[in-house]
Structure formats: structure tokens, C-alpha cells
Amino acid sequence: MKIKAILLVIIAALCACTPIDDRHRNVFEFWWKEMDCKYPFFIQKNIDWDSIFVAYKERAQSPEAGELEIVFQEVVDYLRDGHCCINTGDKTIRYRLPTDTIDKFAYYDIAQYTATPLKRLYNRDSTLYAVQFKDNITYIHYGSFNFPVIDIDEVINIINKFSYAGGMIIDIRGNRGGQTQNIGELLSLFFSGTTTIWYNRHKIGCGHGDFTDFVPQRARGRGIIPNSITIAVLTSGETYSAANYFAGVVRNFPNFVLIGTKTGGGGSWTTTSVLPNGWTFTYPVAQAYDAQYRSLERGVEPDVKVEATPLWYAKHYDIVLQTAYKYLLDRRKK
């Protein structure tokens, strides 16, 4: 009887234990269906989502270790969307944003532009700092929107300590986004009254074209910087998400000019859901457009494009900053 009891316990334990691979059997299909209903960019990006399911469903059922992760990586790359990612607990599977050498800039030669004595001020969380350049030009570096709402009074206090009559440079290269509320706060320095800065469209059904009407996102300006001041915004392929929004909005302001390379894109905020095996996945839930109804998802082209060259990389000078500085000086001569 004792032996029989032990055998029954072993059998029960084996039945209760689902092989780890079985937890992954229907994960891809679950994810595919969720994305099919909720992802907002299939039409814009001309993605045949049905064909992708057919191409990958069998591989996604494979019991081989790591195969599901490989499948997800390949399919996420098809989406070309830095807002899409899958967290397995051990790693994050995401679209590998393309970059070029212009994104690997460093401030090797910033000293040649600075006034004497050097004036440099940081905001409280060090996401923003300002430097006084020569020729009454102010340089502002904004490294990330991914912090609590910007203290705009603090920023105004910093800017008022600088001379920007010759123009202003706002550097958002490498800024990979964050809170969209910070965009309106920073933009408020450059206009007066209330204006529409961009539009959203929200997904409302499982059809790939099921969206709300355009919903205006409005902001109230403080008019701190006169619109007679020329503002050069430096961009790169790693200017993403909320920073991409910023570039998309200011290209419609007459006194702004974008200099650098095309931004990395990103035109939505995101939500997160759970897969049947416990992994989580994040994805965008809306579309964003600038005030001229141009989509922001695929990035924003600069007004003055600066290509990376071997010379730039070898000499270690910042050709984008150099171009912006010269642009502002030339504007003063006209």
C-alpha cells in the first residue's frame, strides 16, 4: 500500500507540472491578436500582419529553448517601433533603433564657442543646462524628458541669466523622450496665447483603420523668448518619442530651424499588458500628428541636414553644433 501511495503521489505531481515549454505554446498567437486589435500603425507602415502570423506561428510553437524570444525579436523588428517591447523577466526584446555616427557626438570643441569667463547653469535634476556662447548666443542642452514635470519657473530663471539676442541653440540629440507634458512646458517659452501644438487619434476598434477624429492638444504660451530670436534645434536619429514630438511641433514655428539628421520617430504614448506565460509587452495606443496633420511616427526631417563624415569622426569636432552656430551668425548679417 505504501508503494502504491508513493506512486500515486509521483503521478499526481507529474500531472500537475506543466512542462515549461507548454507555457509558451499560445503566447505568440495571444500577442499577435492583441496587437492586431490595438496597434495603431499597421496601415501607416504598410505591414501585412496576417502574413507575419502565417510566417511565424509554427516557429513560435517550437519547444526549443529561446526560439520564442528569437521569433519575437524578428517580428518586433518588422514593426520598426521603439515603443514596442517584450520583457521576459531576464531581458527586454525591442526594436533596435538605427543610428549613424552623427549620433555619437561629444562636446570636444564646445569651448571654442563659449564666452569668457565660462557661464554654465543646470536645472535641479540636471536634465537641462545652459551655456553662454559668444556673439550673444545661448546654448541649451535638454538630455531627457523622462523626469517629473519640468519646473518652468526654474528654467525661466536660468535663461534670464543669459544673453540670447544673437539666437539660441537647443540640443536634443540623444534625447529619447519621456513625458509629453514637458514639451508644452518648454514650448511655452516661445509663444504667447493658446495654440494647438499637435493632434492625437486614438484606436477605437479592432479594424486597422478604426480611430477617433483628430483630438487637438493645446498649450498656453508664456512668451518669454521673443519670436524675433532665431532658435536652432539640433536633432539626430536618437531624438526619439517626446523629443521627436518637440522637433515636430517647432518645425511649424517660423523662427525655429532644425539642424542635424532625421529624428528617430515615435508618435504615441504606450500601455503595458501581460502575456499568458507571465511576460509583459508594451506598445503604442494612438497616433500623433503635428499642427499641419503630418504624422510624427516615422521621424522629422531637419531643415538643414548635416551628414556624418569620416572627417568629422576623425577630427572629433561637432559639425552639427558648428553648422548651427554659423547659421545663427549668418542670419544676423541678413
# chains A, B, ... in the order shown; residues from 1 in each chain; ligands from 1
>>> select_by_dssp(residues="stretch 6-247 of chain A", states="strand (DSSP E)", output="PyMOL selection string")
chain A and resi 85-87+92-94+120-122+128-133+137-142+167-171+192-202+215-222+231-235
>>> select_by_dssp(residues="stretch 147-184 of chain A", states="helix (DSSP H, G or I)", output="PyMOL selection string")
chain A and resi 152-159+181-184
>>> closest_atom_pairs(of="stretch 103-198 of chain A", to="stretch 280-288 of chain A", cutoff="12 Å", atoms="only C-alpha atoms", output="Markdown table")
| residue | atom | partner | partner_atom | distance |
| --- | --- | --- | --- | --- |
| A:Thr180 | CA | A:Ala288 | CA | 11.4 |
| A:Ile197 | CA | A:Ala288 | CA | 10.7 |
| A:Trp198 | CA | A:Ala288 | CA | 7.0 |
>>> atom_distance(atom1="atom CA of A:Thr272", atom2="atom CA of A:Arg94")
13.7 Å
>>> residues_around(residues="A:Ile225", least_positions_apart="6", cutoff="9 Å", atoms="only C-alpha atoms", output="list in words")
Tyr164, Leu189, Phe190 and Phe191 of chain A
>>> write_last_selection(atoms="N, CA, C and O atoms", output="PDB file, in the first residue's frame")
ATOM      1  N   TYR A 164      20.854  86.045 -25.174  1.00  0.00           N
ATOM      2  CA  TYR A 164      20.477  85.253 -26.346  1.00  0.00           C
ATOM      3  C   TYR A 164      20.001  86.124 -27.505  1.00  0.00           C
ATOM      4  O   TYR A 164      19.326  85.641 -28.415  1.00  0.00           O
ATOM      5  N   LEU A 189       7.713  78.862 -23.550  1.00  0.00           N
ATOM      6  CA  LEU A 189       8.642  79.988 -23.513  1.00  0.00           C
ATOM      7  C   LEU A 189       8.649  80.760 -24.816  1.00  0.00           C
ATOM      8  O   LEU A 189       9.023  81.937 -24.843  1.00  0.00           O
ATOM      9  N   PHE A 190       8.209  80.116 -25.906  1.00  0.00           N
ATOM     10  CA  PHE A 190       8.469  80.656 -27.239  1.00  0.00           C
ATOM     11  C   PHE A 190       7.229  81.195 -27.961  1.00  0.00           C
ATOM     12  O   PHE A 190       7.334  81.572 -29.124  1.00  0.00           O
ATOM     13  N   PHE A 191       6.095  81.225 -27.322  1.00  0.00           N
ATOM     14  CA  PHE A 191       4.918  81.810 -27.966  1.00  0.00           C
ATOM     15  C   PHE A 191       3.976  82.368 -26.904  1.00  0.00           C
ATOM     16  O   PHE A 191       4.094  82.049 -25.715  1.00  0.00           O
TER      17      PHE A 191
END
